[in-house]
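J.: Data file run35.cif (mmCIF, C-alpha atoms and all ligand atoms) is appended below.
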data_my_file
loop_
_atom_site.label_atom_id
_atom_site.label_comp_id
_atom_site.auth_asym_id
_atom_site.auth_seq_id
_atom_site.Cartn_x
_atom_site.Cartn_y
_atom_site.Cartn_z
CA MET X 1 -14.77 18.96 -0.11
CA ILE X 2 -14.95 15.54 -1.77
CA GLU X 3 -14.79 12.76 0.82
CA GLU X 4 -16.36 9.87 -1.02
CA ASN X 5 -16.32 6.24 -0.09
CA ILE X 6 -12.82 4.93 -0.85
CA ASN X 7 -14.37 2.08 -2.86
CA GLN X 8 -15.68 4.61 -5.34
CA LEU X 9 -12.08 5.19 -6.47
CA ARG X 10 -11.17 1.56 -6.85
CA PRO X 11 -11.19 0.02 -10.32
CA THR X 12 -13.98 -2.55 -10.65
CA SER X 13 -12.29 -4.86 -13.15
CA LEU X 14 -8.76 -6.00 -13.92
CA LYS X 15 -9.03 -4.09 -17.20
CA ASP X 16 -9.22 -0.77 -15.27
CA TYR X 17 -6.30 -1.75 -13.08
CA ILE X 18 -3.53 0.39 -14.58
CA GLY X 19 0.14 -0.64 -14.66
CA GLN X 20 1.77 -3.46 -12.64
CA GLU X 21 1.84 -5.41 -15.90
CA GLU X 22 3.92 -8.31 -14.53
CA VAL X 23 1.64 -8.79 -11.53
CA LYS X 24 -1.45 -8.62 -13.73
CA LYS X 25 -0.07 -11.05 -16.29
CA GLN X 26 0.74 -13.61 -13.61
CA ILE X 27 -2.48 -13.35 -11.63
CA GLN X 28 -4.60 -13.62 -14.79
CA VAL X 29 -2.94 -16.97 -15.60
CA PHE X 30 -3.44 -18.28 -12.04
CA ILE X 31 -7.09 -17.18 -12.00
CA GLU X 32 -7.70 -18.82 -15.36
CA ALA X 33 -6.07 -22.06 -14.15
CA CYS X 34 -8.32 -22.11 -11.05
CA ARG X 35 -11.39 -21.62 -13.17
CA LYS X 36 -10.39 -24.45 -15.48
CA ARG X 37 -9.61 -26.82 -12.63
CA ASN X 38 -12.54 -25.58 -10.56
CA GLN X 39 -10.30 -25.17 -7.54
CA PRO X 40 -9.72 -22.25 -5.17
CA LEU X 41 -6.76 -19.97 -5.86
CA ASP X 42 -3.58 -20.87 -3.98
CA HIS X 43 -2.76 -18.64 -1.00
CA THR X 44 -1.29 -15.40 -2.34
CA LEU X 45 1.05 -12.82 -0.84
CA LEU X 46 1.04 -9.27 -2.23
CA SER X 47 4.19 -7.44 -1.32
CA GLY X 48 4.98 -3.77 -1.92
CA PRO X 49 4.97 -0.24 -0.54
CA PRO X 50 1.81 1.40 0.86
CA GLY X 51 -0.80 2.74 -1.58
CA VAL X 52 0.31 0.84 -4.70
CA GLY X 53 -2.86 -1.20 -5.18
CA LYS X 54 -2.55 -4.38 -3.07
CA THR X 55 -6.01 -4.13 -1.48
CA THR X 56 -7.49 -3.11 -4.81
CA LEU X 57 -5.99 -6.16 -6.52
CA ALA X 58 -7.27 -8.47 -3.76
CA SER X 59 -10.82 -7.17 -4.33
CA LEU X 60 -10.42 -7.58 -8.08
CA ILE X 61 -9.25 -11.17 -7.67
CA ALA X 62 -12.41 -11.86 -5.66
CA THR X 63 -14.54 -10.22 -8.37
CA GLU X 64 -12.84 -12.21 -11.14
CA LEU X 65 -13.36 -15.47 -9.22
CA GLY X 66 -16.90 -14.54 -8.19
CA SER X 67 -15.87 -15.13 -4.56
CA ASN X 68 -16.83 -13.39 -1.33
CA ILE X 69 -14.03 -11.46 0.32
CA THR X 70 -13.57 -10.85 4.05
CA ILE X 71 -11.15 -8.03 4.78
CA THR X 72 -9.19 -7.64 8.00
CA THR X 73 -5.81 -6.34 9.11
CA GLY X 74 -2.92 -7.97 10.97
CA SER X 75 -2.70 -5.30 13.67
CA ILE X 76 -6.19 -6.03 15.04
CA LEU X 77 -5.75 -9.81 15.14
CA ASN X 78 -4.42 -10.13 18.66
CA LYS X 79 -6.03 -13.24 20.08
CA LYS X 80 -6.39 -16.78 18.73
CA SER X 81 -10.16 -16.37 19.01
CA ASP X 82 -10.06 -13.33 16.67
CA ILE X 83 -8.77 -15.38 13.76
CA ALA X 84 -10.63 -18.58 14.73
CA GLY X 85 -13.93 -16.65 14.55
CA ILE X 86 -13.14 -15.33 11.08
CA LEU X 87 -11.91 -18.69 9.74
CA SER X 88 -14.93 -20.59 10.98
CA SER X 89 -17.31 -18.19 9.24
CA LEU X 90 -15.74 -18.71 5.77
CA ASN X 91 -17.44 -20.64 2.97
CA GLU X 92 -15.91 -22.79 0.22
CA GLY X 93 -13.96 -20.62 -2.25
CA ASP X 94 -14.08 -17.47 -0.08
CA ILE X 95 -11.15 -15.10 0.07
CA LEU X 96 -9.76 -13.91 3.37
CA PHE X 97 -7.68 -10.76 2.90
CA ILE X 98 -5.29 -9.85 5.73
CA ASP X 99 -3.66 -6.47 5.22
CA GLU X 100 -0.38 -5.73 7.04
CA ILE X 101 -0.01 -9.44 7.65
CA HIS X 102 3.48 -8.87 9.12
CA ARG X 103 1.84 -7.19 12.13
CA MET X 104 -0.08 -10.30 13.14
CA ASN X 105 0.43 -11.70 16.59
CA LYS X 106 2.53 -14.92 16.77
CA ALA X 107 -0.27 -16.94 18.41
CA VAL X 108 -2.65 -15.91 15.63
CA GLU X 109 -0.05 -16.87 13.04
CA GLU X 110 0.21 -20.38 14.47
CA ILE X 111 -3.54 -20.91 14.01
CA LEU X 112 -3.07 -20.00 10.36
CA TYR X 113 -0.46 -22.69 9.61
CA PRO X 114 -2.82 -25.73 9.68
CA ALA X 115 -5.65 -23.59 8.31
CA MET X 116 -3.60 -22.66 5.25
CA GLU X 117 -1.97 -26.02 4.71
CA ASP X 118 -4.64 -28.57 5.58
CA PHE X 119 -7.77 -26.43 5.98
CA LYS X 120 -7.99 -27.45 9.64
CA LEU X 121 -8.67 -25.33 12.68
CA ASP X 122 -7.49 -26.34 16.15
CA ILE X 123 -9.74 -24.97 18.84
CA LEU X 124 -9.67 -25.31 22.59
CA VAL X 125 -12.88 -26.45 24.25
CA GLY X 126 -13.60 -26.42 27.97
CA LYS X 127 -11.66 -24.63 30.68
CA GLY X 128 -8.86 -25.41 33.13
CA LYS X 129 -7.97 -29.09 33.57
CA SER X 130 -10.79 -30.33 31.35
CA ALA X 131 -9.70 -28.15 28.42
CA ARG X 132 -8.81 -30.07 25.28
CA SER X 133 -8.01 -29.21 21.71
CA ILE X 134 -10.24 -30.40 18.91
CA ARG X 135 -9.54 -30.15 15.20
CA ILE X 136 -12.31 -29.07 12.86
CA SER X 137 -12.32 -28.96 9.07
CA LEU X 138 -12.55 -25.66 7.25
CA PRO X 139 -13.89 -25.05 3.77
CA ARG X 140 -11.21 -24.58 1.10
CA PHE X 141 -10.55 -20.85 1.14
CA THR X 142 -7.83 -18.57 -0.21
CA LEU X 143 -5.78 -16.39 2.07
CA ILE X 144 -4.49 -13.22 0.43
CA GLY X 145 -1.95 -11.44 2.61
CA ALA X 146 -0.56 -7.98 1.93
CA THR X 147 2.64 -6.63 3.39
CA THR X 148 4.94 -3.67 3.11
CA LYS X 149 7.65 -5.67 4.88
CA THR X 150 8.07 -9.18 3.46
CA GLY X 151 11.31 -9.49 5.43
CA MET X 152 9.33 -9.39 8.68
CA LEU X 153 7.29 -12.48 7.80
CA SER X 154 8.42 -15.67 9.50
CA SER X 155 9.60 -18.38 7.11
CA PRO X 156 6.85 -20.88 8.11
CA LEU X 157 4.23 -18.29 7.13
CA LEU X 158 6.03 -17.16 3.98
CA SER X 159 6.46 -20.73 2.76
CA ARG X 160 2.69 -21.35 2.95
CA PHE X 161 1.99 -18.82 0.21
CA GLY X 162 2.01 -20.60 -3.15
CA ILE X 163 1.93 -17.29 -5.05
CA VAL X 164 4.03 -14.24 -4.18
CA LEU X 165 3.52 -11.07 -6.22
CA HIS X 166 5.79 -8.02 -5.94
CA PHE X 167 4.43 -4.54 -6.63
CA ASP X 168 6.53 -1.73 -8.03
CA PHE X 169 6.08 2.02 -7.92
CA TYR X 170 4.24 3.41 -10.97
CA ASP X 171 5.71 5.42 -13.82
CA GLU X 172 4.32 8.87 -14.61
CA LYS X 173 2.32 7.68 -17.60
CA SER X 174 0.43 5.04 -15.60
CA LEU X 175 -0.16 7.44 -12.72
CA SER X 176 -1.43 10.07 -15.10
CA LYS X 177 -3.97 7.55 -16.45
CA ILE X 178 -5.04 6.71 -12.89
CA VAL X 179 -5.55 10.43 -12.15
CA LYS X 180 -7.59 10.79 -15.35
CA ASN X 181 -9.79 7.79 -14.50
CA THR X 182 -10.33 8.95 -10.92
CA ALA X 183 -11.27 12.43 -12.16
CA LYS X 184 -13.80 10.86 -14.51
CA ARG X 185 -15.31 8.79 -11.71
CA LEU X 186 -15.57 11.86 -9.45
CA ASN X 187 -16.86 14.03 -12.28
CA ILE X 188 -13.89 16.39 -12.16
CA GLY X 189 -12.86 18.22 -15.33
CA ILE X 190 -9.08 18.09 -15.83
CA THR X 191 -6.68 18.51 -18.76
CA GLU X 192 -4.04 15.93 -19.81
CA GLU X 193 -1.20 18.30 -18.79
CA ALA X 194 -2.68 18.77 -15.33
CA CYS X 195 -3.03 14.97 -14.90
CA LEU X 196 0.63 14.55 -15.82
CA GLU X 197 1.75 17.31 -13.44
CA ILE X 198 -0.11 15.65 -10.55
CA ALA X 199 1.36 12.28 -11.60
CA LYS X 200 4.91 13.70 -11.55
CA ARG X 201 4.48 14.81 -7.94
CA SER X 202 2.84 11.64 -6.63
CA ARG X 203 5.93 9.61 -5.72
CA GLY X 204 4.98 6.70 -7.96
CA THR X 205 1.97 5.96 -5.72
CA PRO X 206 -1.70 5.87 -6.84
CA ARG X 207 -3.05 6.62 -3.34
CA ILE X 208 -0.98 9.83 -3.22
CA ALA X 209 -2.04 10.75 -6.78
CA ASN X 210 -5.74 10.34 -5.93
CA ASN X 211 -5.36 12.37 -2.74
CA ILE X 212 -3.52 15.19 -4.50
CA LEU X 213 -6.20 15.25 -7.20
CA LYS X 214 -8.92 15.69 -4.56
CA ARG X 215 -7.06 18.51 -2.81
CA VAL X 216 -6.28 20.25 -6.12
CA TYR X 217 -9.98 20.01 -6.94
CA ASP X 218 -10.88 21.63 -3.58
CA TYR X 219 -8.59 24.51 -4.53
CA THR X 220 -10.23 24.71 -7.98
CA VAL X 221 -13.75 24.86 -6.56
CA VAL X 222 -12.84 27.50 -4.00
CA HIS X 223 -11.38 29.62 -6.82
CA GLY X 224 -14.64 29.44 -8.72
CA LYS X 225 -13.28 27.30 -11.56
CA THR X 226 -14.79 24.15 -13.04
CA GLU X 227 -11.80 22.60 -14.80
CA ILE X 228 -8.27 21.91 -13.60
CA ASP X 229 -5.78 23.12 -16.20
CA LEU X 230 -1.99 23.13 -15.88
CA ASP X 231 -1.82 26.67 -14.55
CA LEU X 232 -4.39 26.02 -11.85
CA ALA X 233 -2.78 22.67 -10.97
CA LEU X 234 0.59 24.39 -10.48
CA GLN X 235 -0.95 27.08 -8.28
CA ALA X 236 -2.77 24.45 -6.21
CA LEU X 237 0.33 22.24 -5.84
CA ASN X 238 2.29 25.27 -4.70
CA PHE X 239 -0.46 26.12 -2.21
CA LEU X 240 -0.42 22.50 -0.93
CA GLY X 241 3.35 22.66 -0.44
CA ILE X 242 4.12 19.79 -2.82
CA ASP X 243 7.21 20.57 -4.86
CA GLU X 244 8.30 19.38 -8.31
CA PHE X 245 9.94 16.26 -6.84
CA GLY X 246 6.74 15.41 -4.97
CA LEU X 247 8.28 16.35 -1.62
CA ASN X 248 5.89 17.68 1.01
CA GLN X 249 6.57 19.81 4.08
CA LYS X 250 7.30 16.76 6.22
CA ASP X 251 9.99 15.49 3.79
CA ILE X 252 11.59 18.94 3.67
CA PHE X 253 11.53 19.16 7.47
CA TYR X 254 13.13 15.69 7.65
CA LEU X 255 15.94 16.67 5.26
CA LYS X 256 16.51 20.08 6.86
CA THR X 257 16.70 18.48 10.30
CA ILE X 258 19.48 16.16 9.13
CA ILE X 259 21.29 18.90 7.24
CA GLU X 260 20.94 21.82 9.62
CA LYS X 261 20.33 20.40 13.08
CA PHE X 262 22.75 17.48 12.74
CA GLU X 263 25.13 19.24 10.32
CA ASN X 264 24.58 16.43 7.79
CA LYS X 265 26.66 14.03 9.84
CA PRO X 266 25.28 10.44 9.95
CA VAL X 267 22.29 10.35 12.27
CA GLY X 268 20.28 7.37 13.59
CA ILE X 269 16.58 6.74 13.05
CA LYS X 270 15.58 7.10 16.72
CA THR X 271 17.22 10.49 16.95
CA ILE X 272 15.53 11.70 13.78
CA SER X 273 12.20 10.32 14.96
CA SER X 274 12.26 12.39 18.13
CA ALA X 275 13.71 15.45 16.39
CA ILE X 276 10.86 15.61 13.84
CA ASN X 277 8.23 14.07 16.11
CA GLU X 278 7.29 11.31 13.69
CA GLU X 279 6.91 7.56 14.21
CA ILE X 280 9.82 5.36 13.09
CA ASP X 281 7.47 3.23 10.96
CA ILE X 282 6.26 6.25 8.98
CA ILE X 283 9.83 7.45 8.49
CA GLU X 284 11.04 4.03 7.36
CA GLU X 285 8.06 3.11 5.21
CA ILE X 286 6.99 6.40 3.70
CA ILE X 287 9.52 9.22 4.00
CA GLU X 288 12.86 7.47 3.49
CA PRO X 289 12.19 4.99 0.65
CA TYR X 290 11.19 7.83 -1.64
CA LEU X 291 14.09 10.09 -0.66
CA ILE X 292 16.49 7.20 -1.27
CA ARG X 293 14.81 6.38 -4.58
CA ILE X 294 15.22 9.92 -5.91
CA GLY X 295 18.81 10.06 -4.66
CA PHE X 296 18.27 12.61 -1.85
CA LEU X 297 19.24 10.35 1.04
CA LYS X 298 21.88 7.75 1.79
CA LYS X 299 21.73 5.16 4.55
CA THR X 300 25.24 4.48 5.83
CA PRO X 301 26.21 2.01 8.58
CA ARG X 302 26.55 5.01 10.93
CA GLY X 303 23.26 6.65 10.04
CA ARG X 304 21.38 8.76 7.49
CA VAL X 305 22.96 11.55 5.44
CA ALA X 306 21.50 13.88 2.83
CA THR X 307 23.13 13.79 -0.61
CA GLU X 308 24.51 16.67 -2.63
CA LYS X 309 21.43 16.44 -4.86
CA ALA X 310 19.22 17.13 -1.82
CA LEU X 311 21.43 20.04 -0.71
CA LYS X 312 21.20 21.56 -4.20
CA HIS X 313 17.43 21.10 -4.34
CA LEU X 314 16.98 22.82 -1.00
CA ALA X 315 19.38 25.54 -2.21
CA ILE X 316 21.73 24.90 0.69
CA ILE X 317 24.85 24.74 -1.53
P1 LIG X 401 -2.47 -0.68 -0.87
O1 LIG X 401 -3.42 -1.78 -0.45
O2 LIG X 401 -1.27 -1.20 -1.62
O3 LIG X 401 -2.06 0.22 0.27
P2 LIG X 401 -4.78 0.35 -2.30
O4 LIG X 401 -5.20 -0.86 -3.06
O5 LIG X 401 -5.57 0.71 -1.08
O6 LIG X 401 -3.22 0.27 -1.94
O7 LIG X 401 -4.77 1.58 -3.35
C1 LIG X 401 -4.79 2.94 -2.93
C2 LIG X 401 -5.64 3.77 -3.89
O8 LIG X 401 -5.02 3.81 -5.18
C3 LIG X 401 -7.05 3.24 -4.12
O9 LIG X 401 -7.93 4.34 -4.14
C4 LIG X 401 -7.00 2.59 -5.48
O10 LIG X 401 -8.18 2.73 -6.14
C5 LIG X 401 -5.89 3.33 -6.20
N1 LIG X 401 -5.13 2.39 -7.04
C6 LIG X 401 -4.12 1.61 -6.62
N2 LIG X 401 -3.59 0.89 -7.64
C7 LIG X 401 -4.31 1.22 -8.73
C8 LIG X 401 -4.23 0.81 -10.11
N3 LIG X 401 -3.32 -0.06 -10.51
N4 LIG X 401 -5.11 1.36 -10.97
C9 LIG X 401 -6.01 2.25 -10.55
N5 LIG X 401 -6.12 2.70 -9.28
C10 LIG X 401 -5.29 2.20 -8.37
#
As C-alpha cells, please, write out the structure in this file.

T.:
Amino acid sequence: MIEENINQLRPTSLKDYIGQEEVKKQIQVFIEACRKRNQPLDHTLLSGPPGVGKTTLASLIATELGSNITITTGSILNKKSDIAGILSSLNEGDILFIDEIHRMNKAVEEILYPAMEDFKLDILVGKGKSARSIRISLPRFTLIGATTKTGMLSSPLLSRFGIVLHFDFYDEKSLSKIVKNTAKRLNIGITEEACLEIAKRSRGTPRIANNILKRVYDYTVVHGKTEIDLDLALQALNFLGIDEFGLNQKDIFYLKTIIEKFENKPVGIKTISSAINEEIDIIEEIIEPYLIRIGFLKKTPRGRVATEKALKHLAII
C-alpha cells in the first residue's frame, strides 16, 4: 500500500498547480507587486471546499516569496497563549498559515486583530492584582487563513484580510492532469483514459482524485498488473464502491435513508445525522454540497429531499 508523505503529492511550483486560473492569476500579480516593493504580502484568506488546494497554494506562496511558513489549524488554537507563542516566534516576512480559521476561539481571534493590523501583540505579565498588559512589536508577517465556511468568520476578522481568494471545484480535464502528475510522482503507470475515468468520479476535488488513484493502484498491484488501464480502473472503482457520479457508499446510504426511511419527505439535518451516524459537519461540508451540485438533493425550508434524478439513479422509480 502506498502511504507516502502527503507533501510528496503537492506541486512544488505555481507552474505545477493545475486549474484555479483566476486564483493563480491574481496571486501571481500580488506576489510580483510585493517583490517589486520589497514588502510582505497582505494578509490573505483562501476560501473554498475541503481538498481543493488551499494548503498547497499557501505553501507555494511561501516558496515563491522565499519565506518560511508556519502551519497551524484553528481548532487547536484554544488559548491566548497558543497564538501569542506562535506570533512571537515569527520573523520578518514569515507566513503564518491557519487552516480552518473559522474554528478559532474568540479570545485567540482578538489577539490577532492588533497583530494583523498594527503588528502588535498584547500580552499579560504578572499575576492577580499586579497583572498588567504590555504591547510588544511583531515583525511584519503575512497571515494566510483558509476556510471552508467564510460565512462563519466574524466581520472584524474578515475585514483584516486585504486579499480574499475563492476556490472552485475542478473540471474533469484539470483533475485528469492532476491524477496524471500524481501518478508520475508516485511512479505509477496509468493510461490517459484511466486518468479521465478517475477524474470523472472525484467530485471536482484533487484530494479525492489522489486518494482514488492510490486505492486503484493498490487494486492493480494485488491483481499482479503494473499499469492501470481503463478496464482495470473500472473494475477497481467498482470494487471500491465509487459509482459513475463519484458517489460512495456513504452518499448512497444518505440518499436511501432520506428516500426509504423518511419516505422522501423533508427531513432535518439532526435527524439525518443520527439516522446515518455521521457528524453534521461532514454531512454539511462533504456529502450535501456535492449531491446538491449534481442535482440529487434539494434543501427546502422544511428539510432535505432527494430529487427525481437521484431516485432514477438509484433505480427507485
Ligand atoms: P485544502 O487545503 O483545500 O483542503 P490541499 O491543499 O490539502 O487542500 O490539497 C489536497 C491534495 O490535492 C494535496 O495532495 C494536493 O497536492 C492536491 N492538490 C490540490 N490542488 C491541486 C492543484 N491545483 N494541482 C495539483 N494538485 C493539487

J.: Counting only C-alpha atoms and all ligand atoms, which protein, DNA or RNA residues come within 10 Å of ligand LIG 401 (chain X), given as a ChimeraX atom specification?

T.: /X:5-21,24,46-60,99-100,146-148,167,169-170,174-175,177-182,205-211

J.: Looking at all atoms listed in the file, which of X:Thr142, X:Asn78, X:Thr307, X:Gln26 is the one that sits closest to Leu90 in chain X?

T.: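 Nearest to Leu90 in chain X: X:Thr142.
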
J.: Considering all atoms listed in the file, can you say which of X:Ile280, X:Leu65, X:Arg160, X:Ile287 comes closest to Gln28 in chain X?

T.: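 Among X:Ile280, X:Leu65, X:Arg160, X:Ile287, it is X:Leu65 that comes nearest to Gln28 in chain X.
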
J.: Rank nothing, just name the residue among X:Leu112, X:Ile61, X:Ile86, X:Ile286 nearest to Phe30 in chain X, using all atoms listed in the file.

T.: X:Ile61

J.: Name all residues at most 7 Å from Ala236 in chain X (count all atoms listed in the file; drop same-chain ones fewer than 4 positions away) and give them as a PyMOL selection string.

T.: chain X and resi 216+219+232+240

J.: Return the padded bounding box of range 253-271 of chain X as AutoDock Vina command-line options: axis-aligned, built from all atoms listed in the file, 5 Å added on each side, with centre and edge lengths in Å to one decimal.

T.:
--center_x 19.1 --center_y 14.3 --center_z 11.1 --size_x 25.1 --size_y 25.1 --size_z 21.7

J.: Using all atoms listed in the file, which of X:Gly93, X:Phe119, X:Thr63, X:Val222 sits nearest Cys34 in chain X?

T.: X:Gly93

J.: Select, from X:Leu297, X:Ile282, X:Ile95, X:Ile101, the residue with the minimum atom-to-atom distance to Gly151 in chain X, counting all atoms listed in the file.

T.: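 Counting all atoms listed in the file, the residue closest to Gly151 in chain X is X:Ile101.
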
J.: Closest to Glu197 in chain X among X:Ile212, X:Leu314, X:Ile144, X:Leu96, using all atoms listed in the file?

T.: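 Among X:Ile212, X:Leu314, X:Ile144, X:Leu96, it is X:Ile212 that comes nearest to Glu197 in chain X.
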
J.: Could you write range 172-186 of chain X of the block just shown to a file containing N, CA, C and O atoms, as a tab-separated table (two decimals), in the first residue's frame?

T.:
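selection.tsv, written as the output of this step:
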chain	number	residue	atom	x	y	z
X	172	GLU	N	-13.15	18.17	-15.17
X	172	GLU	CA	-12.56	16.83	-15.35
X	172	GLU	C	-11.17	16.88	-15.98
X	172	GLU	O	-10.30	16.08	-15.65
X	173	LYS	N	-10.99	17.84	-16.90
X	173	LYS	CA	-9.71	17.92	-17.60
X	173	LYS	C	-8.57	18.26	-16.62
X	173	LYS	O	-7.51	17.63	-16.63
X	174	SER	N	-8.83	19.25	-15.76
X	174	SER	CA	-7.80	19.63	-14.79
X	174	SER	C	-7.53	18.48	-13.82
X	174	SER	O	-6.37	18.18	-13.50
X	175	LEU	N	-8.61	17.84	-13.37
X	175	LEU	CA	-8.43	16.74	-12.41
X	175	LEU	C	-7.65	15.59	-13.04
X	175	LEU	O	-6.83	14.96	-12.38
X	176	SER	N	-7.93	15.36	-14.32
X	176	SER	CA	-7.25	14.28	-15.01
X	176	SER	C	-5.74	14.57	-15.07
X	176	SER	O	-4.92	13.68	-14.89
X	177	LYS	N	-5.40	15.83	-15.29
X	177	LYS	CA	-3.98	16.24	-15.31
X	177	LYS	C	-3.35	16.03	-13.93
X	177	LYS	O	-2.22	15.59	-13.81
X	178	ILE	N	-4.12	16.37	-12.89
X	178	ILE	CA	-3.61	16.20	-11.52
X	178	ILE	C	-3.33	14.72	-11.26
X	178	ILE	O	-2.29	14.34	-10.73
X	179	VAL	N	-4.27	13.86	-11.68
X	179	VAL	CA	-4.10	12.40	-11.49
X	179	VAL	C	-2.84	11.95	-12.23
X	179	VAL	O	-2.02	11.19	-11.69
X	180	LYS	N	-2.67	12.44	-13.45
X	180	LYS	CA	-1.51	12.04	-14.26
X	180	LYS	C	-0.20	12.46	-13.57
X	180	LYS	O	0.74	11.67	-13.47
X	181	ASN	N	-0.18	13.71	-13.07
X	181	ASN	CA	1.03	14.20	-12.41
X	181	ASN	C	1.32	13.43	-11.12
X	181	ASN	O	2.47	13.12	-10.82
X	182	THR	N	0.27	13.15	-10.36
X	182	THR	CA	0.47	12.40	-9.12
X	182	THR	C	1.01	11.00	-9.44
X	182	THR	O	1.93	10.51	-8.78
X	183	ALA	N	0.44	10.37	-10.47
X	183	ALA	CA	0.89	9.03	-10.85
X	183	ALA	C	2.38	9.07	-11.21
X	183	ALA	O	3.14	8.19	-10.80
X	184	LYS	N	2.76	10.10	-11.92
X	184	LYS	CA	4.16	10.24	-12.32
X	184	LYS	C	5.05	10.34	-11.08
X	184	LYS	O	6.06	9.65	-10.97
X	185	ARG	N	4.60	11.20	-10.14
X	185	ARG	CA	5.41	11.38	-8.92
X	185	ARG	C	5.53	10.09	-8.12
X	185	ARG	O	6.54	9.83	-7.49
X	186	LEU	N	4.46	9.27	-8.13
X	186	LEU	CA	4.47	8.03	-7.34
X	186	LEU	C	4.95	6.84	-8.17
X	186	LEU	O	4.91	5.71	-7.71
